[in-house]
$ cat query34.txt   # compact mmCIF, all heavy atoms
# COMPACT_ATOMS: atom_id res chain seq x y z
N MET A 28 -184.00 -140.58 41.00
CA MET A 28 -184.42 -139.62 39.97
C MET A 28 -185.15 -140.37 38.85
O MET A 28 -184.66 -141.40 38.37
CB MET A 28 -183.17 -138.93 39.43
CG MET A 28 -183.51 -137.72 38.60
SD MET A 28 -182.07 -136.64 38.55
CE MET A 28 -182.03 -136.27 36.84
N PRO A 29 -186.29 -139.90 38.41
CA PRO A 29 -187.05 -140.59 37.37
C PRO A 29 -186.29 -140.65 36.05
O PRO A 29 -185.55 -139.72 35.71
CB PRO A 29 -188.32 -139.74 37.22
CG PRO A 29 -188.33 -138.78 38.34
CD PRO A 29 -186.96 -138.70 38.90
N ASP A 30 -186.46 -141.75 35.34
CA ASP A 30 -185.85 -141.91 34.02
C ASP A 30 -186.70 -141.15 33.00
O ASP A 30 -187.82 -141.52 32.71
CB ASP A 30 -185.80 -143.39 33.66
CG ASP A 30 -185.12 -143.62 32.32
OD1 ASP A 30 -184.95 -142.65 31.55
OD2 ASP A 30 -184.76 -144.78 32.06
N LYS A 31 -186.18 -140.08 32.44
CA LYS A 31 -186.96 -139.25 31.53
C LYS A 31 -187.29 -139.97 30.23
O LYS A 31 -188.13 -139.52 29.47
CB LYS A 31 -186.23 -137.94 31.26
CG LYS A 31 -186.18 -137.05 32.49
CD LYS A 31 -185.66 -135.67 32.17
CE LYS A 31 -185.79 -134.80 33.41
NZ LYS A 31 -185.40 -133.44 33.15
N ASN A 32 -186.58 -141.07 29.93
CA ASN A 32 -186.89 -141.81 28.72
C ASN A 32 -188.13 -142.68 28.89
O ASN A 32 -188.58 -143.28 27.93
CB ASN A 32 -185.70 -142.68 28.30
CG ASN A 32 -184.55 -141.82 27.84
OD1 ASN A 32 -184.75 -140.80 27.20
ND2 ASN A 32 -183.33 -142.24 28.17
N HIS A 33 -188.66 -142.76 30.09
CA HIS A 33 -189.84 -143.57 30.34
C HIS A 33 -190.95 -142.76 30.99
O HIS A 33 -191.69 -143.26 31.81
CB HIS A 33 -189.47 -144.79 31.20
CG HIS A 33 -188.57 -145.74 30.48
ND1 HIS A 33 -187.21 -145.67 30.54
CD2 HIS A 33 -188.86 -146.77 29.64
CE1 HIS A 33 -186.68 -146.61 29.78
NE2 HIS A 33 -187.65 -147.29 29.23
N GLN A 34 -191.08 -141.52 30.61
CA GLN A 34 -192.15 -140.69 31.16
C GLN A 34 -193.48 -141.10 30.54
O GLN A 34 -193.54 -141.56 29.41
CB GLN A 34 -191.90 -139.22 30.84
CG GLN A 34 -190.79 -138.61 31.64
CD GLN A 34 -190.65 -137.13 31.35
OE1 GLN A 34 -190.91 -136.67 30.25
NE2 GLN A 34 -190.25 -136.38 32.35
N SER A 35 -194.54 -140.88 31.28
CA SER A 35 -195.89 -141.06 30.76
C SER A 35 -196.49 -139.68 30.55
O SER A 35 -196.25 -138.76 31.32
CB SER A 35 -196.75 -141.83 31.76
OG SER A 35 -196.25 -143.13 31.92
N ILE A 36 -197.28 -139.57 29.49
CA ILE A 36 -197.95 -138.30 29.21
C ILE A 36 -199.42 -138.48 29.56
O ILE A 36 -200.18 -139.10 28.82
CB ILE A 36 -197.78 -137.90 27.74
CG1 ILE A 36 -196.30 -137.82 27.38
CG2 ILE A 36 -198.49 -136.57 27.46
CD1 ILE A 36 -196.03 -137.72 25.88
N HIS A 37 -199.81 -137.98 30.71
CA HIS A 37 -201.21 -138.06 31.13
C HIS A 37 -202.00 -136.98 30.43
O HIS A 37 -201.55 -135.84 30.35
CB HIS A 37 -201.31 -137.91 32.65
CG HIS A 37 -200.61 -139.00 33.39
ND1 HIS A 37 -201.26 -140.13 33.82
CD2 HIS A 37 -199.31 -139.17 33.71
CE1 HIS A 37 -200.39 -140.94 34.40
NE2 HIS A 37 -199.20 -140.37 34.34
N CYS A 38 -203.16 -137.34 29.93
CA CYS A 38 -203.95 -136.39 29.15
C CYS A 38 -205.43 -136.75 29.29
O CYS A 38 -205.79 -137.90 29.54
CB CYS A 38 -203.53 -136.44 27.69
SG CYS A 38 -204.34 -135.18 26.67
N SER A 39 -206.29 -135.76 29.09
CA SER A 39 -207.73 -136.00 29.15
C SER A 39 -208.46 -135.32 27.99
O SER A 39 -209.65 -135.06 28.08
CB SER A 39 -208.29 -135.53 30.49
OG SER A 39 -208.01 -134.15 30.68
N VAL A 40 -207.74 -135.05 26.92
CA VAL A 40 -208.36 -134.40 25.75
C VAL A 40 -209.03 -135.48 24.90
O VAL A 40 -208.42 -136.11 24.05
CB VAL A 40 -207.31 -133.62 24.93
CG1 VAL A 40 -207.96 -132.94 23.74
CG2 VAL A 40 -206.61 -132.59 25.81
N LYS A 41 -210.31 -135.68 25.14
CA LYS A 41 -211.03 -136.80 24.54
C LYS A 41 -211.22 -136.68 23.03
O LYS A 41 -211.46 -137.67 22.36
CB LYS A 41 -212.38 -136.99 25.23
CG LYS A 41 -212.20 -137.44 26.67
CD LYS A 41 -213.52 -137.71 27.34
CE LYS A 41 -213.28 -138.22 28.75
NZ LYS A 41 -214.50 -138.38 29.52
N SER A 42 -211.11 -135.50 22.51
CA SER A 42 -211.29 -135.34 21.06
C SER A 42 -210.00 -135.63 20.28
O SER A 42 -210.01 -135.61 19.06
CB SER A 42 -211.75 -133.91 20.75
OG SER A 42 -210.77 -132.97 21.12
N CYS A 43 -208.90 -135.92 20.96
CA CYS A 43 -207.62 -136.18 20.27
C CYS A 43 -207.50 -137.65 19.90
O CYS A 43 -207.75 -138.52 20.73
CB CYS A 43 -206.45 -135.76 21.15
SG CYS A 43 -204.86 -136.02 20.34
N ARG A 44 -207.08 -137.91 18.67
CA ARG A 44 -206.94 -139.29 18.21
C ARG A 44 -205.82 -140.04 18.92
O ARG A 44 -205.77 -141.26 18.87
CB ARG A 44 -206.69 -139.32 16.70
CG ARG A 44 -205.33 -138.86 16.26
CD ARG A 44 -205.08 -139.08 14.81
NE ARG A 44 -205.96 -138.27 13.99
CZ ARG A 44 -205.81 -138.06 12.69
NH1 ARG A 44 -204.80 -138.63 12.07
NH2 ARG A 44 -206.63 -137.29 12.03
N HIS A 45 -204.90 -139.36 19.58
CA HIS A 45 -203.77 -140.02 20.24
C HIS A 45 -204.09 -140.45 21.68
O HIS A 45 -203.30 -141.15 22.30
CB HIS A 45 -202.55 -139.09 20.27
CG HIS A 45 -202.09 -138.68 18.91
ND1 HIS A 45 -201.71 -139.59 17.95
CD2 HIS A 45 -201.98 -137.45 18.34
CE1 HIS A 45 -201.36 -138.96 16.85
NE2 HIS A 45 -201.52 -137.66 17.05
N LEU A 46 -205.22 -140.04 22.20
CA LEU A 46 -205.55 -140.35 23.60
C LEU A 46 -205.99 -141.81 23.75
O LEU A 46 -206.83 -142.30 23.01
CB LEU A 46 -206.67 -139.44 24.10
CG LEU A 46 -207.09 -139.69 25.55
CD1 LEU A 46 -205.96 -139.27 26.50
CD2 LEU A 46 -208.38 -138.95 25.88
N LYS A 47 -205.36 -142.51 24.70
CA LYS A 47 -205.83 -143.83 25.12
C LYS A 47 -206.78 -143.59 26.27
O LYS A 47 -206.37 -143.44 27.42
CB LYS A 47 -204.65 -144.70 25.57
CG LYS A 47 -203.66 -144.99 24.49
CD LYS A 47 -202.51 -145.81 25.06
CE LYS A 47 -201.51 -146.17 24.01
NZ LYS A 47 -200.35 -146.91 24.57
N GLN A 48 -208.07 -143.54 25.96
CA GLN A 48 -209.05 -143.07 26.94
C GLN A 48 -209.11 -143.93 28.19
O GLN A 48 -209.25 -143.41 29.29
CB GLN A 48 -210.43 -143.01 26.30
CG GLN A 48 -210.50 -141.90 25.28
CD GLN A 48 -211.91 -141.39 25.08
OE1 GLN A 48 -212.71 -141.38 26.00
NE2 GLN A 48 -212.20 -140.95 23.88
N GLU A 49 -208.98 -145.26 28.03
CA GLU A 49 -209.09 -146.14 29.20
C GLU A 49 -208.00 -145.85 30.21
O GLU A 49 -208.21 -145.89 31.42
CB GLU A 49 -209.00 -147.62 28.79
CG GLU A 49 -209.88 -148.04 27.64
CD GLU A 49 -209.34 -147.63 26.28
OE1 GLU A 49 -208.14 -147.79 26.03
OE2 GLU A 49 -210.14 -147.13 25.47
N GLN A 50 -206.79 -145.56 29.71
CA GLN A 50 -205.67 -145.31 30.60
C GLN A 50 -205.50 -143.83 30.94
O GLN A 50 -204.75 -143.49 31.86
CB GLN A 50 -204.35 -145.81 29.98
CG GLN A 50 -204.34 -147.31 29.74
CD GLN A 50 -204.57 -147.63 28.26
OE1 GLN A 50 -205.35 -146.98 27.59
NE2 GLN A 50 -203.88 -148.63 27.77
N GLY A 51 -206.13 -142.95 30.16
CA GLY A 51 -205.91 -141.53 30.37
C GLY A 51 -204.50 -141.11 30.01
O GLY A 51 -203.94 -140.20 30.63
N LEU A 52 -203.94 -141.79 28.99
CA LEU A 52 -202.56 -141.50 28.58
C LEU A 52 -202.49 -141.17 27.10
O LEU A 52 -203.27 -141.68 26.30
CB LEU A 52 -201.67 -142.74 28.83
CG LEU A 52 -201.48 -143.15 30.28
CD1 LEU A 52 -200.77 -144.51 30.33
CD2 LEU A 52 -200.68 -142.11 31.04
N CYS A 53 -201.52 -140.37 26.76
CA CYS A 53 -201.23 -140.08 25.36
C CYS A 53 -200.48 -141.27 24.76
O CYS A 53 -199.58 -141.82 25.39
CB CYS A 53 -200.38 -138.82 25.26
SG CYS A 53 -199.90 -138.41 23.58
N GLY A 54 -200.83 -141.65 23.52
CA GLY A 54 -200.18 -142.78 22.87
C GLY A 54 -198.87 -142.43 22.18
O GLY A 54 -198.18 -143.33 21.70
N LEU A 55 -198.52 -141.17 22.13
CA LEU A 55 -197.28 -140.77 21.47
C LEU A 55 -196.09 -140.91 22.42
O LEU A 55 -196.24 -140.86 23.63
CB LEU A 55 -197.39 -139.31 21.01
CG LEU A 55 -198.49 -139.01 20.00
CD1 LEU A 55 -198.51 -137.51 19.69
CD2 LEU A 55 -198.29 -139.81 18.72
N GLU A 56 -194.89 -141.08 21.84
CA GLU A 56 -193.68 -141.17 22.66
C GLU A 56 -193.30 -139.81 23.21
O GLU A 56 -192.66 -139.70 24.26
CB GLU A 56 -192.52 -141.74 21.84
CG GLU A 56 -192.66 -143.22 21.55
CD GLU A 56 -191.42 -143.79 20.92
OE1 GLU A 56 -190.37 -143.11 20.91
OE2 GLU A 56 -191.50 -144.93 20.44
N SER A 57 -193.63 -138.76 22.48
CA SER A 57 -193.35 -137.40 22.95
C SER A 57 -194.37 -136.47 22.30
O SER A 57 -195.00 -136.82 21.31
CB SER A 57 -191.93 -136.97 22.58
OG SER A 57 -191.79 -136.89 21.18
N VAL A 58 -194.54 -135.32 22.88
CA VAL A 58 -195.45 -134.32 22.33
C VAL A 58 -194.75 -132.97 22.30
O VAL A 58 -193.79 -132.74 23.04
CB VAL A 58 -196.77 -134.20 23.14
CG1 VAL A 58 -197.58 -135.47 23.03
CG2 VAL A 58 -196.49 -133.85 24.59
N GLN A 59 -195.26 -132.12 21.45
CA GLN A 59 -194.72 -130.75 21.36
C GLN A 59 -195.69 -129.82 22.06
O GLN A 59 -196.89 -129.78 21.72
CB GLN A 59 -194.57 -130.34 19.89
CG GLN A 59 -194.05 -128.95 19.69
CD GLN A 59 -192.59 -128.80 20.15
OE1 GLN A 59 -191.76 -129.66 19.85
NE2 GLN A 59 -192.31 -127.74 20.88
N ILE A 60 -195.21 -129.06 23.00
CA ILE A 60 -196.01 -128.07 23.72
C ILE A 60 -195.53 -126.68 23.31
O ILE A 60 -194.33 -126.45 23.20
CB ILE A 60 -195.88 -128.24 25.25
CG1 ILE A 60 -196.18 -129.67 25.68
CG2 ILE A 60 -196.78 -127.24 25.98
CD1 ILE A 60 -197.57 -130.15 25.34
N ALA A 61 -196.47 -125.79 23.10
CA ALA A 61 -196.10 -124.44 22.66
C ALA A 61 -196.99 -123.41 23.35
O ALA A 61 -198.09 -123.75 23.82
CB ALA A 61 -196.26 -124.34 21.15
N PRO A 62 -196.56 -122.17 23.38
CA PRO A 62 -197.40 -121.12 23.93
C PRO A 62 -198.59 -120.86 23.02
O PRO A 62 -198.50 -121.04 21.80
CB PRO A 62 -196.49 -119.89 23.99
CG PRO A 62 -195.41 -120.17 23.02
CD PRO A 62 -195.25 -121.65 22.94
N THR A 63 -199.68 -120.48 23.58
CA THR A 63 -200.85 -120.14 22.78
C THR A 63 -200.73 -118.69 22.31
O THR A 63 -199.92 -117.92 22.83
CB THR A 63 -202.15 -120.26 23.61
OG1 THR A 63 -202.16 -119.21 24.56
CG2 THR A 63 -202.24 -121.61 24.30
N PRO A 64 -201.55 -118.32 21.34
CA PRO A 64 -201.52 -116.91 20.91
C PRO A 64 -201.91 -115.96 22.04
O PRO A 64 -201.60 -114.78 21.98
CB PRO A 64 -202.57 -116.86 19.78
CG PRO A 64 -202.64 -118.27 19.29
CD PRO A 64 -202.41 -119.14 20.50
N MET A 65 -202.58 -116.49 23.07
CA MET A 65 -203.02 -115.65 24.18
C MET A 65 -202.05 -115.69 25.35
O MET A 65 -202.39 -115.32 26.45
CB MET A 65 -204.40 -116.08 24.66
CG MET A 65 -205.48 -115.95 23.62
SD MET A 65 -207.09 -116.45 24.21
CE MET A 65 -206.87 -118.21 24.42
N ALA A 66 -200.82 -116.19 25.10
CA ALA A 66 -199.85 -116.32 26.17
C ALA A 66 -199.60 -114.97 26.85
O ALA A 66 -199.82 -113.92 26.25
CB ALA A 66 -198.54 -116.87 25.64
N TYR A 67 -199.13 -115.06 28.08
CA TYR A 67 -198.81 -113.90 28.91
C TYR A 67 -200.04 -113.23 29.50
O TYR A 67 -199.96 -112.11 29.96
CB TYR A 67 -197.97 -112.85 28.16
CG TYR A 67 -196.77 -113.45 27.49
CD1 TYR A 67 -196.67 -113.52 26.11
CD2 TYR A 67 -195.73 -113.98 28.26
CE1 TYR A 67 -195.58 -114.10 25.49
CE2 TYR A 67 -194.62 -114.57 27.65
CZ TYR A 67 -194.56 -114.62 26.26
OH TYR A 67 -193.49 -115.20 25.66
N SER A 68 -201.19 -113.95 29.48
CA SER A 68 -202.37 -113.39 30.14
C SER A 68 -202.27 -113.57 31.65
O SER A 68 -202.98 -112.92 32.39
CB SER A 68 -203.64 -114.07 29.63
OG SER A 68 -203.74 -115.38 30.17
N GLY A 69 -201.44 -114.54 32.07
CA GLY A 69 -201.33 -114.83 33.49
C GLY A 69 -202.21 -115.98 33.91
O GLY A 69 -202.04 -116.54 34.99
N ASP A 70 -203.17 -116.37 33.08
CA ASP A 70 -204.04 -117.50 33.37
C ASP A 70 -203.38 -118.76 32.85
O ASP A 70 -203.10 -118.85 31.64
CB ASP A 70 -205.40 -117.30 32.70
CG ASP A 70 -206.38 -118.42 33.01
OD1 ASP A 70 -205.94 -119.50 33.47
OD2 ASP A 70 -207.59 -118.22 32.80
N PRO A 71 -203.08 -119.75 33.71
CA PRO A 71 -202.39 -120.96 33.26
C PRO A 71 -203.06 -121.63 32.07
O PRO A 71 -202.38 -122.16 31.19
CB PRO A 71 -202.43 -121.87 34.50
CG PRO A 71 -202.51 -120.93 35.65
CD PRO A 71 -203.35 -119.77 35.15
N ALA A 72 -204.38 -121.58 32.00
CA ALA A 72 -205.09 -122.22 30.89
C ALA A 72 -204.82 -121.55 29.55
O ALA A 72 -205.04 -122.14 28.50
CB ALA A 72 -206.59 -122.23 31.17
N ASP A 73 -204.34 -120.33 29.60
CA ASP A 73 -204.07 -119.60 28.36
C ASP A 73 -202.63 -119.74 27.88
O ASP A 73 -202.31 -119.32 26.77
CB ASP A 73 -204.34 -118.10 28.55
CG ASP A 73 -205.81 -117.79 28.68
OD1 ASP A 73 -206.63 -118.63 28.30
OD2 ASP A 73 -206.12 -116.68 29.17
N GLU A 74 -201.78 -120.30 28.71
CA GLU A 74 -200.35 -120.18 28.43
C GLU A 74 -199.76 -121.28 27.55
O GLU A 74 -198.75 -121.05 26.88
CB GLU A 74 -199.56 -120.13 29.75
CG GLU A 74 -199.90 -118.91 30.59
CD GLU A 74 -199.56 -117.60 29.88
OE1 GLU A 74 -198.59 -117.56 29.12
OE2 GLU A 74 -200.27 -116.61 30.10
N SER A 75 -200.31 -122.50 27.53
CA SER A 75 -199.67 -123.56 26.76
C SER A 75 -200.71 -124.47 26.13
O SER A 75 -201.84 -124.56 26.59
CB SER A 75 -198.74 -124.38 27.65
OG SER A 75 -199.46 -125.11 28.60
N MET A 76 -200.29 -125.12 25.06
CA MET A 76 -201.17 -126.06 24.39
C MET A 76 -200.35 -127.14 23.70
O MET A 76 -199.18 -126.96 23.40
CB MET A 76 -202.05 -125.35 23.37
CG MET A 76 -201.27 -124.72 22.23
SD MET A 76 -202.31 -123.79 21.10
CE MET A 76 -203.24 -125.09 20.36
N CYS A 77 -200.99 -128.28 23.45
CA CYS A 77 -200.32 -129.41 22.81
C CYS A 77 -200.42 -129.23 21.29
O CYS A 77 -201.51 -129.22 20.74
CB CYS A 77 -200.98 -130.71 23.23
SG CYS A 77 -200.20 -132.13 22.46
N GLN A 78 -199.27 -129.12 20.67
CA GLN A 78 -199.27 -128.97 19.22
C GLN A 78 -199.25 -130.32 18.51
O GLN A 78 -199.28 -130.36 17.28
CB GLN A 78 -198.07 -128.13 18.78
CG GLN A 78 -198.20 -126.69 19.22
CD GLN A 78 -197.44 -125.75 18.33
OE1 GLN A 78 -196.35 -126.05 17.89
NE2 GLN A 78 -198.02 -124.60 18.05
N SER A 79 -199.21 -131.41 19.26
CA SER A 79 -199.27 -132.75 18.67
C SER A 79 -200.71 -133.23 18.54
O SER A 79 -200.96 -134.33 18.03
CB SER A 79 -198.47 -133.74 19.53
OG SER A 79 -197.13 -133.32 19.62
N TYR A 80 -201.64 -132.42 19.00
CA TYR A 80 -203.07 -132.76 18.95
C TYR A 80 -203.52 -133.00 17.50
O TYR A 80 -203.18 -132.23 16.60
CB TYR A 80 -203.89 -131.62 19.55
CG TYR A 80 -205.38 -131.76 19.36
CD1 TYR A 80 -206.15 -132.44 20.27
CD2 TYR A 80 -205.99 -131.20 18.24
CE1 TYR A 80 -207.51 -132.57 20.09
CE2 TYR A 80 -207.36 -131.33 18.04
CZ TYR A 80 -208.12 -132.02 18.97
OH TYR A 80 -209.46 -132.16 18.78
N HIS A 81 -204.30 -134.06 17.33
CA HIS A 81 -204.99 -134.28 16.05
C HIS A 81 -206.42 -134.70 16.36
O HIS A 81 -206.64 -135.63 17.15
CB HIS A 81 -204.32 -135.39 15.22
CG HIS A 81 -203.09 -134.91 14.53
ND1 HIS A 81 -201.83 -135.33 14.90
CD2 HIS A 81 -202.93 -134.04 13.51
CE1 HIS A 81 -200.94 -134.73 14.12
NE2 HIS A 81 -201.57 -133.95 13.28
N CYS A 82 -207.36 -134.03 15.75
CA CYS A 82 -208.76 -134.35 15.96
C CYS A 82 -209.06 -135.75 15.43
O CYS A 82 -208.49 -136.17 14.43
CB CYS A 82 -209.61 -133.31 15.22
SG CYS A 82 -211.34 -133.40 15.61
N LYS A 83 -209.94 -136.46 16.11
CA LYS A 83 -210.33 -137.81 15.66
C LYS A 83 -210.98 -137.78 14.30
O LYS A 83 -211.67 -136.84 13.97
CB LYS A 83 -211.30 -138.43 16.68
CG LYS A 83 -210.63 -138.83 17.95
CD LYS A 83 -211.65 -139.48 18.86
CE LYS A 83 -210.99 -139.90 20.17
NZ LYS A 83 -211.97 -140.42 21.13
S1 LIG B 101 -201.27 -135.48 21.40
FE1 LIG B 101 -201.52 -133.97 23.04
S2 LIG B 101 -203.74 -133.66 23.22
FE2 LIG B 101 -203.41 -135.56 22.08
S3 LIG B 101 -203.49 -137.19 23.63
FE3 LIG B 101 -201.33 -136.59 23.36
S4 LIG B 101 -200.97 -135.04 24.94
FE4 LIG B 101 -203.20 -135.26 24.69
$ encode --input "query34.txt" --output "structure tokens" --more "lines below"
Ligand code: SF4
Amino acid sequence: MPDKNHQSIHCSVKSCRHLKQEQGLCGLESVQIAPTPMAYSGDPADESMCQSYHCK
């Protein structure tokens, strides 16, 4: 079973200051994910977003 204390957060949001672009990983130890205002549309892209995002 994977150790949850050593998870990697893979990400490709290039406009976020926390992204380590070379590795494609988030530099934070954890992130907060929340439903979007458009949640419950049924489209996966509408259902969640990273609230730890900060623009560069
Ligand atoms: S904070 Fe969120 S959007 Fe930014 S690199 Fe980490 S996972 Fe990606």
$ residues_around --input "query34.txt" --residues "A:Cys77" --least-positions-apart "2" --cutoff "10 Å" --atoms "only C-alpha atoms" --output "list in words"
Val40, Val58, Gln59, Ile60, Ala61, Pro62, Thr63, Ser75, Ser79, Tyr80 and His81 of chain A
$ atom_distance --input "query34.txt" --atom1 "atom CA of A:Gln78" --atom2 "atom CA of A:Leu52"
16.0 Å
$ closest_atom_pairs --input "query34.txt" --of "chain A" --to "ligand LIG 101 (chain B)" --cutoff "3.5 Å" --atoms "all atoms listed in the file" --output "CSV"
residue,atom,partner,partner_atom,distance
A:Cys38,SG,B:LIG101,FE4,2.3
A:Cys43,SG,B:LIG101,FE2,2.3
A:Cys53,SG,B:LIG101,FE3,2.3
A:Cys77,SG,B:LIG101,FE1,2.3
$ atom_distance --input "query34.txt" --atom1 "atom CA of A:His37" --atom2 "atom CA of A:Leu55"
10.8 Å
$ axis_aligned_box --input "query34.txt" --around "stretch 40-46 of chain A" --padding-each-side "5 Å" --output "AutoDock Vina command-line options"
--center_x -207.9 --center_y -137.4 --center_z 20.8 --size_x 23.1 --size_y 19.7 --size_z 27.5
$ atom_distance --input "query34.txt" --atom1 "atom SG of A:Cys82" --atom2 "atom CG of A:Arg44"
8.1 Å
$ closest_residue --input "query34.txt" --among "A:Ser35, A:Ser68, A:Ser57, A:Gln48" --to "A:Lys83" --atoms "all heavy atoms"
A:Gln48
$ select_by_dssp --input "query34.txt" --residues "chain A" --states "helix (DSSP H, G or I)" --output "compact mmCIF listing (two decimals) with all heavy atoms, in the frame of the given file"
# COMPACT_ATOMS: atom_id res chain seq x y z
N LYS A 31 -186.18 -140.08 32.44
CA LYS A 31 -186.96 -139.25 31.53
C LYS A 31 -187.29 -139.97 30.23
O LYS A 31 -188.13 -139.52 29.47
CB LYS A 31 -186.23 -137.94 31.26
CG LYS A 31 -186.18 -137.05 32.49
CD LYS A 31 -185.66 -135.67 32.17
CE LYS A 31 -185.79 -134.80 33.41
NZ LYS A 31 -185.40 -133.44 33.15
N ASN A 32 -186.58 -141.07 29.93
CA ASN A 32 -186.89 -141.81 28.72
C ASN A 32 -188.13 -142.68 28.89
O ASN A 32 -188.58 -143.28 27.93
CB ASN A 32 -185.70 -142.68 28.30
CG ASN A 32 -184.55 -141.82 27.84
OD1 ASN A 32 -184.75 -140.80 27.20
ND2 ASN A 32 -183.33 -142.24 28.17
N HIS A 33 -188.66 -142.76 30.09
CA HIS A 33 -189.84 -143.57 30.34
C HIS A 33 -190.95 -142.76 30.99
O HIS A 33 -191.69 -143.26 31.81
CB HIS A 33 -189.47 -144.79 31.20
CG HIS A 33 -188.57 -145.74 30.48
ND1 HIS A 33 -187.21 -145.67 30.54
CD2 HIS A 33 -188.86 -146.77 29.64
CE1 HIS A 33 -186.68 -146.61 29.78
NE2 HIS A 33 -187.65 -147.29 29.23
N PRO A 71 -203.08 -119.75 33.71
CA PRO A 71 -202.39 -120.96 33.26
C PRO A 71 -203.06 -121.63 32.07
O PRO A 71 -202.38 -122.16 31.19
CB PRO A 71 -202.43 -121.87 34.50
CG PRO A 71 -202.51 -120.93 35.65
CD PRO A 71 -203.35 -119.77 35.15
N ALA A 72 -204.38 -121.58 32.00
CA ALA A 72 -205.09 -122.22 30.89
C ALA A 72 -204.82 -121.55 29.55
O ALA A 72 -205.04 -122.14 28.50
CB ALA A 72 -206.59 -122.23 31.17
N ASP A 73 -204.34 -120.33 29.60
CA ASP A 73 -204.07 -119.60 28.36
C ASP A 73 -202.63 -119.74 27.88
O ASP A 73 -202.31 -119.32 26.77
CB ASP A 73 -204.34 -118.10 28.55
CG ASP A 73 -205.81 -117.79 28.68
OD1 ASP A 73 -206.63 -118.63 28.30
OD2 ASP A 73 -206.12 -116.68 29.17
N GLU A 74 -201.78 -120.30 28.71
CA GLU A 74 -200.35 -120.18 28.43
C GLU A 74 -199.76 -121.28 27.55
O GLU A 74 -198.75 -121.05 26.88
CB GLU A 74 -199.56 -120.13 29.75
CG GLU A 74 -199.90 -118.91 30.59
CD GLU A 74 -199.56 -117.60 29.88
OE1 GLU A 74 -198.59 -117.56 29.12
OE2 GLU A 74 -200.27 -116.61 30.10
$ closest_residue --input "query34.txt" --among "A:Leu46, A:Glu56, A:Pro64, A:Ala72" --to "A:His33" --atoms "only C-alpha atoms"
A:Glu56
$ closest_residue --input "query34.txt" --among "A:Asp70, A:Met76, A:Gly54, A:Met65" --to "A:Gln34" --atoms "only C-alpha atoms"
A:Gly54
$ select_by_dssp --input "query34.txt" --residues "chain A" --states "strand (DSSP E)" --output "PyMOL selection string"
chain A and resi 46-47+52-53+60-62+75-77
$ decode --input "query34.txt" --residues "stretch 54-65 of chain A" --atoms "N, CA and C atoms" --output "mmCIF file, in the first residue's frame"
data_model
loop_
_atom_site.group_PDB
_atom_site.id
_atom_site.type_symbol
_atom_site.label_atom_id
_atom_site.label_comp_id
_atom_site.auth_asym_id
_atom_site.auth_seq_id
_atom_site.Cartn_x
_atom_site.Cartn_y
_atom_site.Cartn_z
ATOM 1 N N GLY A 54 5.094 21.907 -6.169
ATOM 2 C CA GLY A 54 6.117 22.060 -5.142
ATOM 3 C C GLY A 54 5.572 22.098 -3.723
ATOM 4 N N LEU A 55 4.277 22.098 -3.564
ATOM 5 C CA LEU A 55 3.690 22.142 -2.226
ATOM 6 C C LEU A 55 3.614 20.742 -1.623
ATOM 7 N N GLU A 56 3.598 20.679 -0.281
ATOM 8 C CA GLU A 56 3.464 19.381 0.394
ATOM 9 C C GLU A 56 2.045 18.856 0.282
ATOM 10 N N SER A 57 1.085 19.753 0.192
ATOM 11 C CA SER A 57 -0.312 19.352 0.032
ATOM 12 C C SER A 57 -1.052 20.487 -0.669
ATOM 13 N N VAL A 58 -2.167 20.166 -1.248
ATOM 14 C CA VAL A 58 -2.991 21.176 -1.911
ATOM 15 C C VAL A 58 -4.438 21.008 -1.470
ATOM 16 N N GLN A 59 -5.174 22.080 -1.619
ATOM 17 C CA GLN A 59 -6.602 22.045 -1.295
ATOM 18 C C GLN A 59 -7.382 21.973 -2.600
ATOM 19 N N ILE A 60 -8.229 20.994 -2.732
ATOM 20 C CA ILE A 60 -9.090 20.838 -3.900
ATOM 21 C C ILE A 60 -10.533 21.107 -3.474
ATOM 22 N N ALA A 61 -11.250 21.817 -4.315
ATOM 23 C CA ALA A 61 -12.631 22.167 -3.961
ATOM 24 C C ALA A 61 -13.512 22.079 -5.202
ATOM 25 N N PRO A 62 -14.814 21.975 -5.005
ATOM 26 C CA PRO A 62 -15.721 21.984 -6.148
ATOM 27 C C PRO A 62 -15.756 23.367 -6.776
ATOM 28 N N THR A 63 -15.966 23.413 -8.042
ATOM 29 C CA THR A 63 -16.088 24.701 -8.729
ATOM 30 C C THR A 63 -17.524 25.200 -8.594
ATOM 31 N N PRO A 64 -17.736 26.475 -8.889
ATOM 32 C CA PRO A 64 -19.115 26.980 -8.853
ATOM 33 C C PRO A 64 -20.016 26.259 -9.852
ATOM 34 N N MET A 65 -19.402 25.615 -10.857
ATOM 35 C CA MET A 65 -20.191 24.926 -11.881
ATOM 36 C C MET A 65 -20.335 23.440 -11.586
#
